[in-house]
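Asker: First the structure, then my questions, so here it is.
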Amino acid sequence: MAGGAIVNTAGGKDYPGKLTLFVFLTCVVAATGGLIFGYDIGISGGVTSMDPFLKKFFPEVFRKKQLANKNNQYCKYDNQLLQTFTSSLYLAALVASFFAATVTRVLGRKWSMFGGGLTFLIGAALNGAAENVAMLIVGRILLGIGVGFANQSVPVYLSEMAPARLRGMLNIGFQLMITIGILAAELINYGANKIKAGYGWRVSLALAAVPAGIITLGSLFLPDTPNSLLERGHADEARRMLRRIRGTEDIGEEYADLVAASEEARTVRHPWRNILERRYRAQLTMAVMIPFFQQLTGINVIMFYAPVLFDTLGFKNDASLMSAVITGLVNVFATLVSVFTVDRLGRRKLFLQGGTQMIICQVIVGTLIAVKFGTSGIGEIPKGYAAVVVVFICAYVAGFAWSWGPLGWLVPSEIFPLEIRPAGQSINVSVNMLFTFVIAQAFLTMLCHFKFGLFYFFAGWVVIMTIFIALFLPETKNVPIEEMVLVWKSHWFWGKFVADDDVHVQMASSGAKAAHA
């Protein structure tokens, strides 16, 4: 029964305990790790459309931009060095995420966040003081290492701290912080661009130190998760922490499940080898395909290069930054929609609805641009027409912000058993960063060659990924992480990869609970 991927998850265990103020506050602090990633996504596109920045570092692009009114609008920013400025961060994040997996496992989640924040802080200082392209790119690489560590540890931390029935809501705090970071960056770019002396780009780049400072200091005050404490052999501390974060003495059942999962994890000497085993085929597939598809929605094209894109569409400099601020606002509010609906409606419904909305909007935007610029790339967009383009871009951003945006981080972080969790999250982050790098490096060249067809290209990918979700992703809402194997076991396709013996962790934990009772 193709597509019959919905599993009744109402039977998932609902452990005692409530959302305590302590958990809420720790999750808010941890989620600020998303600010550094978001700020960076928002800042690079704005800075690369500022004339004083282009004049200093990329004079060739500046010359092209001045001539663009007479020439092809699609190609005015096509420059490999400019694309390397944006994309070098993601390559660094990709490499860093592999080291971050070990740090996260051996030292705990909080120290991985601390290391990420500190490295990002140094990168921000270098970028703000940059005098040449080499300084800029070294700064970007340090920022990338920071992003790699934060993106590795924060989603896992949030999933482990949250009660199962609210895991979606608290985990999406990470994506919400990414969107707030993007919006803050776009507002700062708008203000910095008005600085007459021409050093606005320095302000934009150096202010990345603010979100970096927040997560660096914040992580020092964060407690470790019970899962991480058990993984590192601190059983009594783990029990105390679980009691504290659930706000109840009645933690026997959940604790027994965590211990069983931890003991299973301890038998695993080589998580990177184990993740390739047949029984983890579903998780491995999701860890690769979800971040791969998330980048091929085309969202980073809009977010990285929103000011550049709007400038290319004929909006003047200030107007293009303002349009980017509008899309940033839509992004934040639409992410809030998923915060309040993900644990009620579930992951699949949001994925499928958001995907459909994005396909429709991308086809419309591509067509509107085709009508005005054709394949020559020469043309003007009247104000009213431009407003319509912005409306559909905003509807597209909204569709992404309550589906692939938050769920692209949430779903991979909640599906791995403890024994392969750091390895699985590393694969998720590195695939995400690899394709973010590829898209960032290639986008301006693709825009030059594909022209308006670029929007159709991404719409085609969204069709493929929406069908993939419909067929292969089971519903994971309200299911405790330790019981997730049962969801795969009862799935029409993945069930054949999970042998009855592979469900023995649950059987073992049931035995532990019976003994406890």
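Just remember, in the structure tokens the first chain shown is A, the second B, etc., residues are 1-based per chain, and ligands are 1-based in the order shown.
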May I have all residues of region 397-501 of chain A that DSSP, computed from the backbone, assigns to alpha helix (DSSP H), given as a ChimeraX atom specification?
Answerer: /A:397-401,404-414,421-450,453-472,484-489
Asker: Just want the 7 Å neighbourhood of region 350-367 of chain A, counted on only C-alpha atoms, with same-chain residues fewer than 2 positions away dropped. Output as a list in words.
Answerer: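 That gives Gly346, Arg347, Arg348, Ile369, Ala370, Val371, Val389, Phe392, Ile393, Ala395, Tyr396, Gly399, Phe400, Trp402, Ser403, Trp404, Phe452, Gly453, Phe455, Tyr456, Ala459, Val462, Val463 and Thr466 of chain A.
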Asker: At what distance in Å, to one decimal, does CA of Ala282 (chain A) lie from CA of Glu414 (chain A)?
Answerer: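 Computing the Euclidean distance for CA of Glu414 (chain A) and CA of Ala282 (chain A) yields 12.9 Å.
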Asker: Between A:Phe98, A:Tyr15, A:Phe120, A:Phe62, which has the minimum distance to Ala208 (chain A) (counting only C-alpha atoms)?
Answerer: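 Looking only at the distances to Ala208 (chain A), the closest residue turns out to be A:Phe120.
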Asker: Which residue, A:Thr297, A:Ser159, A:Asn193, A:Ser338, has the smallest gap to Ile481 (chain A) when you use only C-alpha atoms?
Answerer: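 Closest to Ile481 (chain A), using only C-alpha atoms: A:Ser159.
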Asker: Within 12 Å of Ala387 (chain A), counting only C-alpha atoms, which residues qualify if same-chain residues fewer than 3 places away don't, as a list in words?
Answerer: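 Those residues are Phe310, Leu313, Gly314, Phe315, Ala319, Ser320, Met322, Ser323, Ile326, Val365, Leu368, Ile381, Pro382, Lys383, Gly384, Val390, Val391, Phe392, Ile393 and Cys394 of chain A.
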Asker: Considering only C-alpha atoms, return as a PDB file with N, CA, C and O atoms, in the first residue's frame whatever protein or nucleic-acid residues lie within 12 Å of Ile122 (chain A), sequence-local ones (same chain, fewer than 5 positions apart) excluded.
Answerer:
```pdb
ATOM      1  N   GLY A 115      32.082  25.477  22.350  1.00  0.00           N
ATOM      2  CA  GLY A 115      33.176  25.534  21.367  1.00  0.00           C
ATOM      3  C   GLY A 115      32.730  26.213  20.083  1.00  0.00           C
ATOM      4  O   GLY A 115      33.468  27.018  19.489  1.00  0.00           O
ATOM      5  N   GLY A 116      31.511  25.909  19.652  1.00  0.00           N
ATOM      6  CA  GLY A 116      30.971  26.523  18.435  1.00  0.00           C
ATOM      7  C   GLY A 116      30.824  28.028  18.577  1.00  0.00           C
ATOM      8  O   GLY A 116      31.221  28.800  17.694  1.00  0.00           O
ATOM      9  N   GLY A 117      30.275  28.467  19.719  1.00  0.00           N
ATOM     10  CA  GLY A 117      30.062  29.902  19.953  1.00  0.00           C
ATOM     11  C   GLY A 117      31.371  30.669  19.984  1.00  0.00           C
ATOM     12  O   GLY A 117      31.502  31.753  19.398  1.00  0.00           O
ATOM     13  N   ASN A 127      36.221  39.043  10.466  1.00  0.00           N
ATOM     14  CA  ASN A 127      35.454  39.568   9.329  1.00  0.00           C
ATOM     15  C   ASN A 127      35.212  41.069   9.447  1.00  0.00           C
ATOM     16  O   ASN A 127      35.304  41.801   8.472  1.00  0.00           O
ATOM     17  N   GLY A 128      34.889  41.511  10.667  1.00  0.00           N
ATOM     18  CA  GLY A 128      34.630  42.948  10.868  1.00  0.00           C
ATOM     19  C   GLY A 128      35.858  43.785  10.600  1.00  0.00           C
ATOM     20  O   GLY A 128      35.768  44.931  10.163  1.00  0.00           O
ATOM     21  N   ALA A 129      37.062  43.198  10.850  1.00  0.00           N
ATOM     22  CA  ALA A 129      38.309  43.953  10.688  1.00  0.00           C
ATOM     23  C   ALA A 129      38.997  43.663   9.352  1.00  0.00           C
ATOM     24  O   ALA A 129      40.116  44.127   9.104  1.00  0.00           O
ATOM     25  N   MET A 135      41.567  37.538   4.519  1.00  0.00           N
ATOM     26  CA  MET A 135      41.057  37.720   5.893  1.00  0.00           C
ATOM     27  C   MET A 135      39.569  37.406   5.963  1.00  0.00           C
ATOM     28  O   MET A 135      39.081  36.777   6.894  1.00  0.00           O
ATOM     29  N   VAL A 138      39.149  33.523   5.727  1.00  0.00           N
ATOM     30  CA  VAL A 138      39.573  32.836   6.963  1.00  0.00           C
ATOM     31  C   VAL A 138      38.512  33.059   8.050  1.00  0.00           C
ATOM     32  O   VAL A 138      38.137  32.134   8.784  1.00  0.00           O
ATOM     33  N   GLY A 139      38.016  34.302   8.134  1.00  0.00           N
ATOM     34  CA  GLY A 139      36.939  34.607   9.095  1.00  0.00           C
ATOM     35  C   GLY A 139      35.716  33.747   8.842  1.00  0.00           C
ATOM     36  O   GLY A 139      35.116  33.194   9.768  1.00  0.00           O
ATOM     37  N   ARG A 140      35.356  33.605   7.575  1.00  0.00           N
ATOM     38  CA  ARG A 140      34.186  32.798   7.200  1.00  0.00           C
ATOM     39  C   ARG A 140      34.391  31.329   7.578  1.00  0.00           C
ATOM     40  O   ARG A 140      33.458  30.654   7.998  1.00  0.00           O
ATOM     41  N   ILE A 141      35.629  30.842   7.430  1.00  0.00           N
ATOM     42  CA  ILE A 141      35.897  29.440   7.768  1.00  0.00           C
ATOM     43  C   ILE A 141      35.708  29.225   9.276  1.00  0.00           C
ATOM     44  O   ILE A 141      35.117  28.232   9.706  1.00  0.00           O
ATOM     45  N   LEU A 142      36.182  30.188  10.097  1.00  0.00           N
ATOM     46  CA  LEU A 142      35.984  30.084  11.547  1.00  0.00           C
ATOM     47  C   LEU A 142      34.498  30.135  11.902  1.00  0.00           C
ATOM     48  O   LEU A 142      34.025  29.397  12.759  1.00  0.00           O
ATOM     49  N   LEU A 143      33.762  30.999  11.208  1.00  0.00           N
ATOM     50  CA  LEU A 143      32.307  31.045  11.420  1.00  0.00           C
ATOM     51  C   LEU A 143      31.700  29.682  11.090  1.00  0.00           C
ATOM     52  O   LEU A 143      30.816  29.190  11.792  1.00  0.00           O
ATOM     53  N   GLY A 144      32.204  29.069  10.031  1.00  0.00           N
ATOM     54  CA  GLY A 144      31.689  27.757   9.599  1.00  0.00           C
ATOM     55  C   GLY A 144      31.928  26.675  10.631  1.00  0.00           C
ATOM     56  O   GLY A 144      31.066  25.826  10.872  1.00  0.00           O
ATOM     57  N   ILE A 145      33.114  26.708  11.257  1.00  0.00           N
ATOM     58  CA  ILE A 145      33.404  25.713  12.300  1.00  0.00           C
ATOM     59  C   ILE A 145      32.406  25.891  13.444  1.00  0.00           C
ATOM     60  O   ILE A 145      31.852  24.919  13.972  1.00  0.00           O
ATOM     61  N   GLY A 146      32.133  27.154  13.795  1.00  0.00           N
ATOM     62  CA  GLY A 146      31.153  27.441  14.850  1.00  0.00           C
ATOM     63  C   GLY A 146      29.775  26.905  14.507  1.00  0.00           C
ATOM     64  O   GLY A 146      29.109  26.260  15.324  1.00  0.00           O
ATOM     65  N   LEU A 205      29.069  42.690   9.498  1.00  0.00           N
ATOM     66  CA  LEU A 205      29.853  41.478   9.725  1.00  0.00           C
ATOM     67  C   LEU A 205      30.286  41.343  11.191  1.00  0.00           C
ATOM     68  O   LEU A 205      30.246  40.257  11.765  1.00  0.00           O
ATOM     69  N   ALA A 206      30.683  42.451  11.817  1.00  0.00           N
ATOM     70  CA  ALA A 206      31.190  42.384  13.200  1.00  0.00           C
ATOM     71  C   ALA A 206      30.073  42.081  14.198  1.00  0.00           C
ATOM     72  O   ALA A 206      30.310  41.450  15.230  1.00  0.00           O
ATOM     73  N   LEU A 207      28.842  42.517  13.899  1.00  0.00           N
ATOM     74  CA  LEU A 207      27.742  42.287  14.840  1.00  0.00           C
ATOM     75  C   LEU A 207      27.368  40.807  14.981  1.00  0.00           C
ATOM     76  O   LEU A 207      26.582  40.445  15.861  1.00  0.00           O
ATOM     77  N   ALA A 208      27.960  39.957  14.148  1.00  0.00           N
ATOM     78  CA  ALA A 208      27.768  38.499  14.331  1.00  0.00           C
ATOM     79  C   ALA A 208      28.290  38.076  15.706  1.00  0.00           C
ATOM     80  O   ALA A 208      27.927  37.016  16.228  1.00  0.00           O
ATOM     81  N   ALA A 209      29.136  38.926  16.312  1.00  0.00           N
ATOM     82  CA  ALA A 209      29.671  38.629  17.652  1.00  0.00           C
ATOM     83  C   ALA A 209      28.564  38.604  18.708  1.00  0.00           C
ATOM     84  O   ALA A 209      28.711  37.949  19.739  1.00  0.00           O
ATOM     85  N   VAL A 210      27.454  39.309  18.455  1.00  0.00           N
ATOM     86  CA  VAL A 210      26.375  39.361  19.464  1.00  0.00           C
ATOM     87  C   VAL A 210      25.707  37.987  19.639  1.00  0.00           C
ATOM     88  O   VAL A 210      25.685  37.441  20.747  1.00  0.00           O
ATOM     89  N   ALA A 212      26.886  35.172  18.776  1.00  0.00           N
ATOM     90  CA  ALA A 212      27.938  34.241  19.210  1.00  0.00           C
ATOM     91  C   ALA A 212      28.166  34.366  20.716  1.00  0.00           C
ATOM     92  O   ALA A 212      28.331  33.365  21.418  1.00  0.00           O
ATOM     93  N   GLY A 213      28.157  35.607  21.221  1.00  0.00           N
ATOM     94  CA  GLY A 213      28.320  35.836  22.657  1.00  0.00           C
ATOM     95  C   GLY A 213      27.193  35.213  23.458  1.00  0.00           C
ATOM     96  O   GLY A 213      27.414  34.632  24.532  1.00  0.00           O
ATOM     97  N   THR A 216      27.685  31.387  23.541  1.00  0.00           N
ATOM     98  CA  THR A 216      28.911  31.035  24.278  1.00  0.00           C
ATOM     99  C   THR A 216      28.680  31.150  25.779  1.00  0.00           C
ATOM    100  O   THR A 216      28.985  30.229  26.551  1.00  0.00           O
TER     101      THR A 216
END
```
Asker: Looking at only C-alpha atoms, which of A:Ile378, A:Leu407, A:Ile290, A:Met465 is the one that sits closest to Thr335 (chain A)?
Answerer: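 Nearest to Thr335 (chain A): A:Leu407.
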Asker: Give me, as an MDAnalysis selection string, all polymer residues having an atom no more than 8 Å from Trp272 (chain A), counting only C-alpha atoms and skipping those fewer than 3 positions away in the same chain.
Answerer: chainID A and resid 275:276 420 423
Asker: Ranking A:Gly405, A:Pro291, A:Pro480, A:Pro412 by minimum distance to Ile172 (chain A) and counting only C-alpha atoms, which one comes first?
Answerer: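 Among the listed residues, the smallest separation from Ile172 (chain A) belongs to A:Gly405.
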Asker: Show me, as an NGL selection string, the residues that have an atom within 10 Å of Leu229 (chain A) when counting only C-alpha atoms, minus same-chain residues fewer than 3 positions from it.
Answerer: :A and (105 or 107-109 or 223-226 or 232-239 or 241 or 262)
Asker: Please provide the set of residues having any atom within 6 Å of Ala101 (chain A), restricted to only C-alpha atoms, with same-chain residues fewer than 2 positions apart removed, written as a ChimeraX atom specification.
Answerer: /A:98-99,103-104,422,426
Asker: Can you work out the spacing between CA of Ala398 (chain A) and CA of Arg344 (chain A) in Å, to one decimal?
Answerer: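 CA of Arg344 (chain A) lies 18.9 Å from CA of Ala398 (chain A).
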Asker: One number please: CA of Ala92 (chain A) to CA of Pro271 (chain A), in Å, one decimal.
Answerer: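 Answer for the CA of Ala92 (chain A) to CA of Pro271 (chain A) separation: 22.8 Å.
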